[in-house]
file coords.txt (compact mmCIF, C-alpha atoms)
# COMPACT_ATOMS: atom_id res chain seq x y z
CA MET A 587 18.03 13.10 -5.47
CA GLU A 588 18.41 12.69 -1.73
CA GLU A 589 15.13 12.50 0.12
CA VAL A 590 14.88 14.87 3.07
CA LYS A 591 12.49 15.09 5.97
CA ARG A 592 9.23 16.88 5.58
CA GLY A 593 8.76 20.26 7.20
CA SER A 594 8.95 23.94 6.54
CA LEU A 595 12.19 25.75 5.82
CA LYS A 596 11.82 27.66 9.09
CA THR A 597 11.52 24.45 11.07
CA GLN A 598 14.45 22.86 9.27
CA PHE A 599 16.55 25.99 9.75
CA PHE A 600 15.90 26.18 13.50
CA ALA A 601 16.55 22.43 13.80
CA ALA A 602 19.91 22.82 12.05
CA VAL A 603 20.83 25.80 14.27
CA ALA A 604 19.79 23.87 17.39
CA VAL A 605 21.90 20.86 16.42
CA THR A 606 24.85 23.14 15.68
CA LEU A 607 24.49 24.87 19.07
CA VAL A 608 24.37 21.51 20.85
CA LEU A 609 27.49 20.31 19.03
CA VAL A 610 29.36 23.56 19.69
CA THR A 611 28.34 23.47 23.37
CA VAL A 612 29.40 19.83 23.77
CA LEU A 613 32.73 20.40 22.00
CA SER A 614 33.39 23.57 24.03
CA ALA A 615 32.57 21.77 27.29
CA LEU A 616 34.83 18.85 26.35
CA THR A 617 37.61 21.27 25.42
CA VAL A 618 37.35 23.20 28.69
CA TRP A 619 37.19 19.96 30.67
CA GLY A 620 40.19 18.57 28.83
CA CYS A 621 42.23 21.73 29.30
CA LEU A 622 41.41 21.82 33.01
CA ARG A 623 42.43 18.20 33.35
CA PHE A 624 45.65 18.95 31.52
CA GLN A 625 46.39 21.89 33.78
CA ARG A 626 45.61 19.78 36.82
CA TRP A 627 48.06 17.21 35.53
CA LEU A 628 50.68 19.93 35.12
CA VAL A 629 50.03 21.18 38.67
CA PRO A 630 48.87 18.12 40.59
CA ASP A 631 49.23 19.74 44.02
CA THR A 632 48.38 23.41 44.57
CA ASN A 633 49.28 23.33 48.29
CA TYR A 634 52.81 24.50 47.56
CA VAL A 635 54.34 27.89 46.77
CA MET A 636 57.76 28.85 45.49
CA LEU A 637 59.61 31.54 47.49
CA ASN A 638 62.17 33.52 45.51
CA MET A 639 64.58 34.72 48.19
CA GLU A 640 67.65 36.92 48.62
CA MET A 641 70.11 35.82 51.30
CA THR A 642 72.97 37.91 52.73
CA THR A 643 75.80 36.30 54.71
CA THR A 644 77.58 37.92 57.65
CA GLY A 645 80.41 38.66 55.27
CA GLY A 646 78.13 40.75 53.04
CA GLU A 647 77.89 38.20 50.28
CA ILE A 648 74.47 38.10 48.57
CA LYS A 649 72.98 34.81 47.41
CA ARG A 650 69.69 34.27 45.56
CA GLY A 651 67.70 31.09 45.38
CA SER A 652 64.28 29.51 45.53
CA MET A 653 62.63 27.41 48.13
CA ARG A 654 59.48 25.30 47.68
CA CYS A 655 57.32 25.59 50.77
CA GLU A 656 54.12 23.86 51.80
CA ILE A 657 51.32 26.24 52.69
CA ASP A 658 50.51 24.40 55.91
CA GLY A 659 53.99 25.15 57.34
CA GLY A 660 56.43 22.66 55.89
CA SER A 661 59.48 23.78 53.91
CA GLN A 662 62.29 22.49 51.77
CA ARG A 663 65.86 23.73 51.91
CA TYR A 664 67.23 25.26 48.78
CA ASN A 665 70.20 23.59 47.11
CA PHE A 666 73.03 25.88 48.10
CA ILE A 667 72.35 25.61 51.86
CA LYS A 668 74.42 22.69 52.98
CA GLU A 669 73.81 20.95 56.23
CA LYS A 670 76.34 20.22 58.90
CA LYS A 671 77.72 16.77 59.21
CA ASN A 672 78.28 15.56 62.71
CA GLY A 673 77.84 19.14 63.87
CA VAL A 674 80.63 20.44 61.60
CA LEU A 675 79.84 22.80 58.67
CA LEU A 676 80.85 21.27 55.39
CA ALA A 677 83.47 22.99 53.25
CA GLY A 678 82.10 25.85 51.12
CA ALA A 679 78.83 25.94 53.02
CA TYR A 680 77.23 28.67 55.01
CA ASP A 681 75.57 28.46 58.32
CA ILE A 682 71.94 29.43 57.89
CA GLU A 683 71.97 30.93 61.33
CA ASP A 684 74.52 33.53 60.17
CA MET A 685 72.45 34.62 57.12
CA ALA A 686 69.75 37.26 56.56
CA PHE A 687 66.77 36.33 54.34
CA ARG A 688 64.45 38.48 52.23
CA VAL A 689 61.58 37.09 50.14
CA GLU A 690 61.60 38.83 46.76
CA SER A 691 58.47 37.13 45.26
CA VAL A 692 56.11 34.28 45.82
CA GLU A 693 54.93 32.03 42.98
CA TYR A 694 51.83 29.86 43.26
CA GLY A 695 50.72 26.81 41.27
CA ILE A 696 52.39 26.58 37.87
CA GLY A 697 55.05 28.93 39.00
CA THR A 698 56.43 26.11 41.04
CA ASN A 699 57.17 24.14 37.82
CA GLY A 700 59.70 24.51 35.05
CA PRO A 701 59.49 26.72 31.89
CA ARG A 702 58.04 24.01 29.65
CA ARG A 703 55.26 23.20 32.03
CA LYS A 704 54.54 26.86 32.47
CA ALA A 705 54.22 27.28 28.66
CA ALA A 706 51.94 24.25 28.43
CA TYR A 707 49.82 25.54 31.29
CA ILE A 708 49.43 28.98 29.64
CA THR A 709 48.60 27.36 26.26
CA ALA A 710 45.87 25.23 27.84
CA GLY A 711 44.36 28.32 29.48
CA ALA A 712 44.33 30.19 26.17
CA ALA A 713 42.76 27.20 24.42
CA MET A 714 39.85 27.27 26.86
CA GLY A 715 39.00 30.77 25.65
CA ILE A 716 39.89 30.54 21.97
CA LEU A 717 38.66 27.10 20.91
CA PRO A 718 34.98 27.63 21.91
CA ALA A 719 34.94 30.78 19.76
CA VAL A 720 36.52 28.83 16.88
CA TYR A 721 33.91 26.09 17.33
CA ALA A 722 31.10 28.66 17.22
CA LEU A 723 32.45 30.30 14.05
CA ALA A 724 33.16 26.99 12.30
CA GLY A 725 29.75 25.62 13.36
CA THR A 726 27.97 28.68 11.93
CA VAL A 727 29.81 28.41 8.61
CA LEU A 728 29.34 24.65 8.31
CA CYS A 729 25.65 24.88 9.31
CA ALA A 730 25.04 27.54 6.64
CA LEU A 731 26.87 25.53 3.97
CA TRP A 732 25.07 22.30 4.90
CA PHE A 733 21.65 23.98 4.98
CA TYR A 734 22.23 25.60 1.59
CA ARG A 735 23.55 22.44 -0.09
CA LYS A 736 20.96 20.04 1.36
CA ARG A 737 17.85 22.19 1.67
CA LEU A 738 18.14 25.06 -0.82
CA ALA A 739 20.55 24.15 -3.62
CA PRO A 740 18.66 21.06 -4.99
CA ALA A 741 15.37 22.94 -5.38
CA ILE A 742 17.08 26.08 -6.70
CA SER A 743 18.93 23.99 -9.30
CA VAL A 744 15.66 22.32 -10.40
CA LEU A 745 13.83 25.66 -10.61
CA ASP A 746 16.70 27.25 -12.52
CA ASP A 747 16.73 24.35 -15.00
CA ALA A 748 12.94 24.54 -15.37
CA THR A 749 13.10 28.29 -15.99
CA ARG A 750 15.74 27.76 -18.67
CA HIS A 751 13.64 25.09 -20.42
CA ILE A 752 10.52 27.26 -20.34
CA SER A 753 12.40 30.32 -21.60
CA GLU A 754 13.62 28.19 -24.52
CA GLN A 755 9.99 27.07 -25.13
CA ASP A 756 10.96 23.49 -24.37
CA LEU A 757 8.18 21.87 -22.33
CA ASP A 758 9.27 18.27 -22.85
CA PHE A 759 10.67 17.80 -19.34
CA THR A 760 9.49 17.08 -15.80
CA VAL A 761 10.05 19.22 -12.71
CA GLU A 762 11.09 16.83 -9.94
CA CYS A 763 10.45 17.75 -6.28
CA PRO A 764 13.71 16.95 -4.41
CA VAL A 765 12.58 18.46 -1.09
CA HIS A 766 9.37 18.57 0.90
CA ASN A 767 9.15 22.16 2.07
CA GLU A 768 8.19 25.53 0.63
CA LEU A 769 10.69 25.15 -2.21
CA GLY A 770 9.37 21.65 -2.87
CA ARG A 771 5.85 23.04 -3.16
CA LEU A 772 7.22 25.72 -5.48
CA CYS A 773 8.70 22.95 -7.65
CA GLY A 774 5.27 21.33 -7.67
CA SER A 775 3.73 24.63 -8.76
CA PHE A 776 6.30 24.88 -11.56
CA GLU A 777 5.34 21.36 -12.68
CA LYS A 778 1.65 22.34 -12.72
CA MET A 779 2.51 25.46 -14.69
CA ARG A 780 4.56 23.37 -17.14
CA ARG A 781 1.68 20.95 -17.61
CA ALA A 782 -0.76 23.82 -18.11
CA LEU A 783 1.54 25.41 -20.69
CA CYS A 784 2.03 22.05 -22.39
CA ASP A 785 -1.73 21.43 -22.48
CA ASN A 786 -2.35 24.93 -23.82
CA ASN A 787 0.26 24.41 -26.50
CA ARG A 788 -1.33 21.09 -27.45
CA LYS A 789 -4.76 22.72 -27.59
CA LEU A 790 -3.35 25.57 -29.65
CA TRP A 791 -1.63 23.12 -31.97
CA ARG A 792 -4.82 21.08 -32.25
CA THR A 793 -6.83 24.23 -32.93
CA MET A 794 -4.38 25.28 -35.62
CA GLU A 795 -4.54 21.80 -37.15
CA GLU A 796 -8.32 21.89 -37.08
CA ARG A 797 -8.33 25.31 -38.68
CA ARG A 798 -6.00 24.03 -41.39
CA THR A 799 -8.40 21.12 -41.88
CA MET A 800 -11.31 23.53 -41.97
CA GLN A 801 -9.58 25.65 -44.60
CA ALA A 802 -8.84 22.54 -46.64
CA SER A 803 -12.44 21.37 -46.24
CA VAL A 804 -13.75 24.77 -47.28
CA ALA A 805 -11.52 24.85 -50.33
CA HIS A 806 -12.48 21.31 -51.26
CA ASP A 807 -16.23 21.51 -50.64
CA LEU A 808 -16.66 24.92 -52.25
CA ARG A 809 -15.06 23.59 -55.39
CA ASN A 810 -18.14 21.53 -56.35
CA PRO A 811 -20.73 24.34 -56.16
CA LEU A 812 -18.30 26.71 -57.86
CA ALA A 813 -17.83 24.17 -60.65
CA ILE A 814 -21.61 23.86 -61.00
CA MET A 815 -22.00 27.63 -61.22
CA GLU A 816 -19.15 27.95 -63.73
CA GLY A 817 -20.62 25.16 -65.84
CA THR A 818 -24.06 26.76 -65.78
CA VAL A 819 -22.67 30.16 -66.76
CA GLU A 820 -20.72 28.59 -69.64
CA HIS A 821 -23.89 26.78 -70.72
CA ILE A 822 -25.81 30.06 -70.73
CA ARG A 823 -23.06 31.78 -72.70
CA ALA A 824 -22.99 28.97 -75.27
CA LEU A 825 -26.76 28.93 -75.83
CA ALA A 826 -27.40 32.68 -75.71
CA PRO A 827 -25.96 33.54 -79.19
CA THR A 828 -27.80 30.67 -80.86
CA GLY A 829 -31.16 31.72 -79.57
CA GLU A 830 -31.72 28.25 -78.08
CA LEU A 831 -31.88 29.64 -74.53
CA THR A 832 -35.65 29.74 -74.26
CA GLY A 833 -37.57 30.85 -71.24
CA ASP A 834 -37.77 27.40 -69.67
CA LYS A 835 -34.07 26.66 -70.20
CA LEU A 836 -33.12 30.07 -68.89
CA ASP A 837 -35.28 29.59 -65.81
CA ALA A 838 -33.75 26.17 -65.21
CA ALA A 839 -30.21 27.55 -65.53
CA LEU A 840 -30.94 30.47 -63.27
CA GLU A 841 -32.58 28.11 -60.75
CA THR A 842 -29.43 25.99 -60.74
CA VAL A 843 -27.32 29.08 -60.07
CA ALA A 844 -29.68 30.22 -57.30
CA VAL A 845 -29.73 26.80 -55.60
CA THR A 846 -25.95 26.54 -55.79
CA ALA A 847 -25.48 30.06 -54.39
CA LYS A 848 -27.90 29.20 -51.57
CA ARG A 849 -25.91 26.09 -50.83
CA MET A 850 -22.69 28.10 -50.64
CA GLU A 851 -24.36 30.61 -48.34
CA ARG A 852 -25.60 27.84 -46.07
CA TYR A 853 -22.14 26.31 -46.03
CA THR A 854 -20.45 29.56 -44.95
CA ASP A 855 -23.09 29.95 -42.21
CA TYR A 856 -22.22 26.49 -40.92
CA ILE A 857 -18.52 27.39 -40.84
CA ARG A 858 -19.26 30.59 -38.93
CA ASP A 859 -21.37 28.69 -36.41
CA LEU A 860 -18.64 26.11 -35.88
CA ALA A 861 -16.03 28.81 -35.28
CA ALA A 862 -18.33 30.42 -32.67
CA LEU A 863 -18.61 27.09 -30.81
CA GLU A 864 -14.93 27.24 -29.85
CA ASP A 865 -15.68 30.19 -27.56
CA THR A 866 -18.36 28.29 -25.63
CA GLU A 867 -17.71 28.26 -21.87
CA ILE A 868 -18.19 25.12 -19.75
CA THR A 869 -20.53 25.55 -16.78
CA THR A 870 -20.81 22.40 -14.66
CA THR A 871 -23.71 21.52 -12.38
CA GLU A 872 -24.57 18.47 -10.33
CA ALA A 873 -26.55 15.62 -11.91
CA ALA A 874 -27.89 12.49 -10.25
CA LEU A 875 -27.28 9.16 -11.96
CA PRO A 876 -29.00 7.37 -13.58
CA ASP A 877 -32.01 9.76 -13.45
CA PHE A 878 -30.20 12.43 -15.45
CA LEU A 879 -29.41 9.97 -18.25
CA ARG A 880 -32.99 8.68 -18.32
CA GLU A 881 -34.24 12.23 -18.82
CA ALA A 882 -31.70 12.80 -21.61
CA ALA A 883 -32.72 9.56 -23.35
CA GLU A 884 -36.41 10.46 -23.16
CA GLY A 885 -35.61 13.91 -24.54
CA VAL A 886 -34.01 12.53 -27.71
CA ARG A 887 -36.32 9.53 -28.10
CA VAL A 888 -39.06 11.80 -29.51
CA LEU A 889 -36.83 12.55 -32.53
CA ALA A 890 -37.31 8.96 -33.69
CA GLU A 891 -41.10 8.93 -33.43
CA PRO A 892 -41.84 10.49 -36.88
CA LYS A 893 -39.99 7.58 -38.55
CA ASN A 894 -41.42 4.94 -36.18
CA LEU A 895 -37.94 3.81 -35.19
CA THR A 896 -37.39 1.48 -32.26
CA VAL A 897 -35.11 3.01 -29.64
CA SER A 898 -33.48 0.81 -26.97
CA VAL A 899 -31.56 2.37 -24.08
CA SER A 900 -29.13 0.71 -21.61
CA TYR A 901 -27.50 2.17 -18.51
CA ASP A 902 -24.21 0.82 -17.16
CA VAL A 903 -23.77 3.48 -14.51
CA PRO A 904 -23.81 3.33 -10.71
CA GLU A 905 -26.09 5.46 -8.62
CA GLY A 906 -24.42 8.66 -7.57
CA VAL A 907 -23.88 12.33 -8.36
CA ILE A 908 -21.56 13.79 -10.99
CA GLU A 909 -20.67 17.28 -12.20
CA LEU A 910 -20.90 18.14 -15.91
CA ASP A 911 -22.32 20.76 -18.26
CA ARG A 912 -25.87 19.51 -18.80
CA GLU A 913 -26.62 21.76 -21.77
CA ILE A 914 -23.52 20.74 -23.71
CA PHE A 915 -24.17 17.06 -23.09
CA TYR A 916 -27.81 17.43 -24.21
CA ARG A 917 -26.74 19.33 -27.31
CA VAL A 918 -24.15 16.78 -28.40
CA LEU A 919 -26.47 13.87 -27.72
CA GLU A 920 -29.28 15.51 -29.67
CA ASN A 921 -27.08 16.34 -32.68
CA VAL A 922 -25.62 12.84 -32.94
CA PHE A 923 -28.99 11.16 -32.32
CA SER A 924 -30.65 13.26 -35.04
CA ASN A 925 -28.01 12.05 -37.53
CA ALA A 926 -28.72 8.47 -36.50
CA VAL A 927 -32.45 9.06 -37.02
CA ARG A 928 -31.79 10.33 -40.56
CA TYR A 929 -29.89 7.19 -41.63
CA ALA A 930 -31.44 4.44 -39.48
CA GLN A 931 -33.68 1.83 -41.12
CA SER A 932 -35.68 0.60 -38.15
CA ARG A 933 -33.67 0.65 -34.94
CA ILE A 934 -31.39 2.86 -32.83
CA GLU A 935 -29.49 1.74 -29.73
CA LEU A 936 -28.38 4.20 -27.06
CA ALA A 937 -25.96 2.95 -24.36
CA PHE A 938 -24.59 4.94 -21.40
CA GLU A 939 -21.52 3.92 -19.40
CA LEU A 940 -19.45 5.55 -16.66
CA ARG A 941 -15.76 4.57 -16.47
CA GLY A 942 -13.82 6.38 -13.78
CA GLU A 943 -14.48 10.04 -14.44
CA THR A 944 -15.46 9.67 -18.10
CA LEU A 945 -19.08 9.39 -19.24
CA PHE A 946 -19.68 7.42 -22.45
CA ALA A 947 -22.74 7.63 -24.70
CA LYS A 948 -22.74 5.22 -27.67
CA ILE A 949 -25.36 5.65 -30.42
CA THR A 950 -25.77 2.82 -32.91
CA ASP A 951 -28.10 2.64 -35.89
CA ASP A 952 -28.90 -0.04 -38.47
CA GLY A 953 -28.35 2.21 -41.47
CA PRO A 954 -25.72 1.93 -44.20
CA GLY A 955 -22.92 3.06 -41.91
CA PHE A 956 -20.00 5.31 -42.70
CA SER A 957 -18.17 4.94 -45.99
CA PRO A 958 -14.45 4.06 -46.04
CA GLU A 959 -13.70 7.60 -47.22
CA MET A 960 -15.63 8.97 -44.27
CA LEU A 961 -13.78 6.79 -41.79
CA LYS A 962 -10.43 7.83 -43.23
CA LYS A 963 -11.11 11.50 -42.52
CA LYS A 964 -12.67 10.93 -39.08
CA SER A 965 -10.11 13.27 -37.53
CA SER A 966 -11.55 16.11 -39.56
CA LEU A 967 -14.00 18.63 -38.15
CA TYR A 968 -16.57 17.86 -40.83
CA TYR A 969 -18.52 14.65 -41.23
CA SER A 970 -20.79 14.69 -44.25
CA GLU A 971 -21.70 12.34 -47.07
CA ASP A 972 -24.68 14.35 -48.29
CA ALA A 973 -23.87 15.43 -51.82
CA SER A 974 -27.00 17.58 -52.02
CA GLY A 975 -25.59 20.10 -49.57
CA GLU A 976 -28.68 19.96 -47.38
CA HIS A 977 -26.73 18.31 -44.55
CA MET A 978 -23.08 19.22 -44.23
CA GLY A 979 -22.12 17.25 -41.12
CA LEU A 980 -22.83 20.08 -38.71
CA GLY A 981 -24.22 17.76 -36.01
CA LEU A 982 -21.12 15.59 -35.76
CA ALA A 983 -18.76 18.55 -36.17
CA THR A 984 -20.58 20.44 -33.41
CA GLY A 985 -20.47 17.35 -31.21
CA LYS A 986 -16.73 16.96 -31.68
CA ILE A 987 -15.99 20.57 -30.78
CA LEU A 988 -18.26 20.57 -27.73
CA CYS A 989 -16.93 17.23 -26.48
CA GLY A 990 -13.40 18.55 -26.84
CA LEU A 991 -14.30 21.58 -24.73
CA HIS A 992 -15.70 19.21 -22.09
CA GLY A 993 -12.48 17.17 -21.90
CA GLY A 994 -13.73 14.35 -24.12
CA GLY A 995 -14.13 13.56 -27.77
CA LEU A 996 -16.25 12.01 -30.53
CA ARG A 997 -15.40 8.83 -32.40
CA ILE A 998 -17.10 7.24 -35.44
CA MET A 999 -16.97 3.61 -36.55
CA ASN A 1000 -19.07 0.88 -38.17
CA ARG A 1001 -20.54 -2.27 -36.65
CA PRO A 1002 -19.31 -5.56 -38.14
CA GLU A 1003 -22.90 -6.53 -38.90
CA GLY A 1004 -23.61 -3.14 -40.48
CA GLY A 1005 -24.68 0.23 -39.22
CA ALA A 1006 -22.93 3.31 -37.89
CA VAL A 1007 -21.63 3.80 -34.34
CA VAL A 1008 -20.85 7.19 -32.81
CA GLU A 1009 -19.21 7.24 -29.37
CA ILE A 1010 -19.46 10.40 -27.26
CA THR A 1011 -17.15 10.95 -24.27
CA VAL A 1012 -17.14 13.81 -21.77
CA ALA A 1013 -15.06 14.29 -18.62
CA VAL A 1014 -17.10 14.42 -15.41
CA LYS A 1015 -16.36 14.75 -11.72
CA ARG A 1016 -17.74 12.28 -9.23
CA ILE A 1017 -19.10 13.67 -5.98
call {"tool": "encode", "arguments": {"input": "coords.txt", "output": "structure tokens"}}
result
Amino acid sequence: MEEVKRGSLKTQFFAAVAVTLVLVTVLSALTVWGCLRFQRWLVPDTNYVMLNMEMTTTGGEIKRGSMRCEIDGGSQRYNFIKEKKNGVLLAGAYDIEDMAFRVESVEYGIGTNGPRRKAAYITAGAAMGILPAVYALAGTVLCALWFYRKRLAPAISVLDDATRHISEQDLDFTVECPVHNELGRLCGSFEKMRRALCDNNRKLWRTMEERRTMQASVAHDLRNPLAIMEGTVEHIRALAPTGELTGDKLDAALETVAVTAKRMERYTDYIRDLAALEDTEITTTEAALPDFLREAAEGVRVLAEPKNLTVSVSYDVPEGVIELDREIFYRVLENVFSNAVRYAQSRIELAFELRGETLFAKITDDGPGFSPEMLKKKSSLYYSEDASGEHMGLGLATGKILCGLHGGGLRIMNRPEGGAVVEITVAVKRI
């Protein structure tokens, strides 16, 4: 679209009106000047008047005629007064000395010219009064049309199209800003609203997908303990009639049922806790780098002491201040680090890096790493390879949810030389 000058609508409107007034004034002045010049050409000399006279001869005959006279005293004989020749009156002529004169009317200026010139003179005078009014009316209409088409219509068309897309729940478009005024800023606000709606829809879609994954995970993971309970019950039913279900066997079977029920209870508690995490609010505070990261590393390092693991920490961050939710970052780091402690053989590496406005924390251990099945379902909420049910991947699942709330994410992978790698990312604001 055509780029227009920056400024408010009020400024642009007054500028358009001012330009229109200047043009109308110039055209009106040129018109008046031209008409005056034309009239002056029609009447080049205004020092003459035309006398319309009635003349009566001594014989009682009445004659009418006109005589053009100069105001300063000169005169011109009218055509039917014939002069004497050699002192003798020509035939058919009258002696002016024997006639009586009466001036019927006096015409000035254009009246001294012919009918055509009079009509042209009157037309020029009317044009001096009518054309400026026509210019003013035409200028007002043209100014309004130009202002609407160049300043209002482009933005209105964009906003109308954006409204139609949004009403049809189609957010796959971009609101362009064709003007740089209040309507342009309104277009920018529409674009921000579209992005917010699009982001909300993506988050809603992602949440729905995660809930579908959670439901599938629940159905899948509950199947094993249910199968164990069903098998135990069938075993009890089969042995009860035969009398082989002695006290020890019965206690063992009941213990299996109790442990399995406890596992299912613990699993449902984990699911409830994960669902509650989605309502966590982000509260950012300032944190100085790299001191904040050193404190975080020292806080999680103590988790490795019971297993005598070696923990190495590296910091690839500049000195400065950032804004983030300290508690959420601590919680994610602690959960992921505790998982690394559980599987590590002798060493854990913790690396911090700041790229733009994203803070990275990479935790690497020298354990067995993630299985291919685990890596295939890394988009799932749940990360667990513990068949006993004691650990159901709550740490990694919690970390993923909390990182997502903080504008980041959680990624799992394996090192080529062996060992698991978990990469934490959170969005921060540099100050």
call {"tool": "atom_distance", "arguments": {"input": "coords.txt", "atom1": "CA of Phe759 in chain A", "atom2": "CA of Arg737 in chain A"}}
result
22.6 Å
call {"tool": "atom_distance", "arguments": {"input": "coords.txt", "atom1": "CA of Pro876 in chain A", "atom2": "CA of Glu909 in chain A"}}
result
13.0 Å
call {"tool": "residues_around", "arguments": {"input": "coords.txt", "residues": "range 709-718 of chain A", "least_positions_apart": "2", "cutoff": "8 Å", "atoms": "only C-alpha atoms", "output": "MDAnalysis selection string"}}
result
chainID A and resid 610:611 613:614 617:618 621:622 624:625 705:707 720:722
call {"tool": "closest_residue", "arguments": {"input": "coords.txt", "among": "A:Ala739, A:Val603, A:Leu808, A:Ala615", "to": "Val727 in chain A", "atoms": "only C-alpha atoms"}}
result
A:Val603
call {"tool": "atom_distance", "arguments": {"input": "coords.txt", "atom1": "CA of Val612 in chain A", "atom2": "CA of Arg702 in chain A"}}
result
29.5 Å
call {"tool": "residues_around", "arguments": {"input": "coords.txt", "residues": "Ile998 in chain A", "least_positions_apart": "4", "cutoff": "10 Å", "atoms": "all atoms listed in the file", "output": "ChimeraX atom specification"}}
result
/A:948-949,955-956,960-961,964-965,969,982,1006-1010
call {"tool": "residues_around", "arguments": {"input": "coords.txt", "residues": "range 778-790 of chain A", "least_positions_apart": "6", "cutoff": "12 Å", "atoms": "all atoms listed in the file", "output": "list in words"}}
result
Leu745, Ala748, Thr749, His751, Ile752, Ser753, Gln755, Asp756, Leu757, Asp758, Phe759, Thr760, Val761, Glu762, Cys763, Arg771, Leu772, Glu796, Arg797, Glu864, Ile987, Gly990, Leu991 and Gly993 of chain A
call {"tool": "write_last_selection", "arguments": {"input": "coords.txt", "atoms": "C-alpha atoms", "output": "compact mmCIF listing (two decimals), in the coordinates of the input"}}
result
# COMPACT_ATOMS: atom_id res chain seq x y z
CA LEU A 745 13.83 25.66 -10.61
CA ALA A 748 12.94 24.54 -15.37
CA THR A 749 13.10 28.29 -15.99
CA HIS A 751 13.64 25.09 -20.42
CA ILE A 752 10.52 27.26 -20.34
CA SER A 753 12.40 30.32 -21.60
CA GLN A 755 9.99 27.07 -25.13
CA ASP A 756 10.96 23.49 -24.37
CA LEU A 757 8.18 21.87 -22.33
CA ASP A 758 9.27 18.27 -22.85
CA PHE A 759 10.67 17.80 -19.34
CA THR A 760 9.49 17.08 -15.80
CA VAL A 761 10.05 19.22 -12.71
CA GLU A 762 11.09 16.83 -9.94
CA CYS A 763 10.45 17.75 -6.28
CA ARG A 771 5.85 23.04 -3.16
CA LEU A 772 7.22 25.72 -5.48
CA GLU A 796 -8.32 21.89 -37.08
CA ARG A 797 -8.33 25.31 -38.68
CA GLU A 864 -14.93 27.24 -29.85
CA ILE A 987 -15.99 20.57 -30.78
CA GLY A 990 -13.40 18.55 -26.84
CA LEU A 991 -14.30 21.58 -24.73
CA GLY A 993 -12.48 17.17 -21.90
call {"tool": "residues_around", "arguments": {"input": "coords.txt", "residues": "Lys596 in chain A", "least_positions_apart": "5", "cutoff": "10 Å", "atoms": "all atoms listed in the file", "output": "PyMOL selection string"}}
result
chain A and resi 601-602+767-768
call {"tool": "closest_residue", "arguments": {"input": "coords.txt", "among": "A:Val922, A:Val927, A:Val1014, A:Leu595", "to": "Arg997 in chain A", "atoms": "only C-alpha atoms"}}
result
A:Val922
call {"tool": "residues_around", "arguments": {"input": "coords.txt", "residues": "Arg650 in chain A", "least_positions_apart": "3", "cutoff": "9 Å", "atoms": "all atoms listed in the file", "output": "list in words"}}
result
Asn638, Met639, Glu640, Met641 and Thr642 of chain A
call {"tool": "closest_residue", "arguments": {"input": "coords.txt", "among": "A:Ala724, A:Ala983, A:Leu910, A:Met815", "to": "Thr606 in chain A", "atoms": "all atoms listed in the file"}}
result
A:Ala724
call {"tool": "closest_residue", "arguments": {"input": "coords.txt", "among": "A:Thr726, A:Met794, A:Lys848, A:Thr818", "to": "Lys835 in chain A", "atoms": "all atoms listed in the file"}}
result
A:Thr818
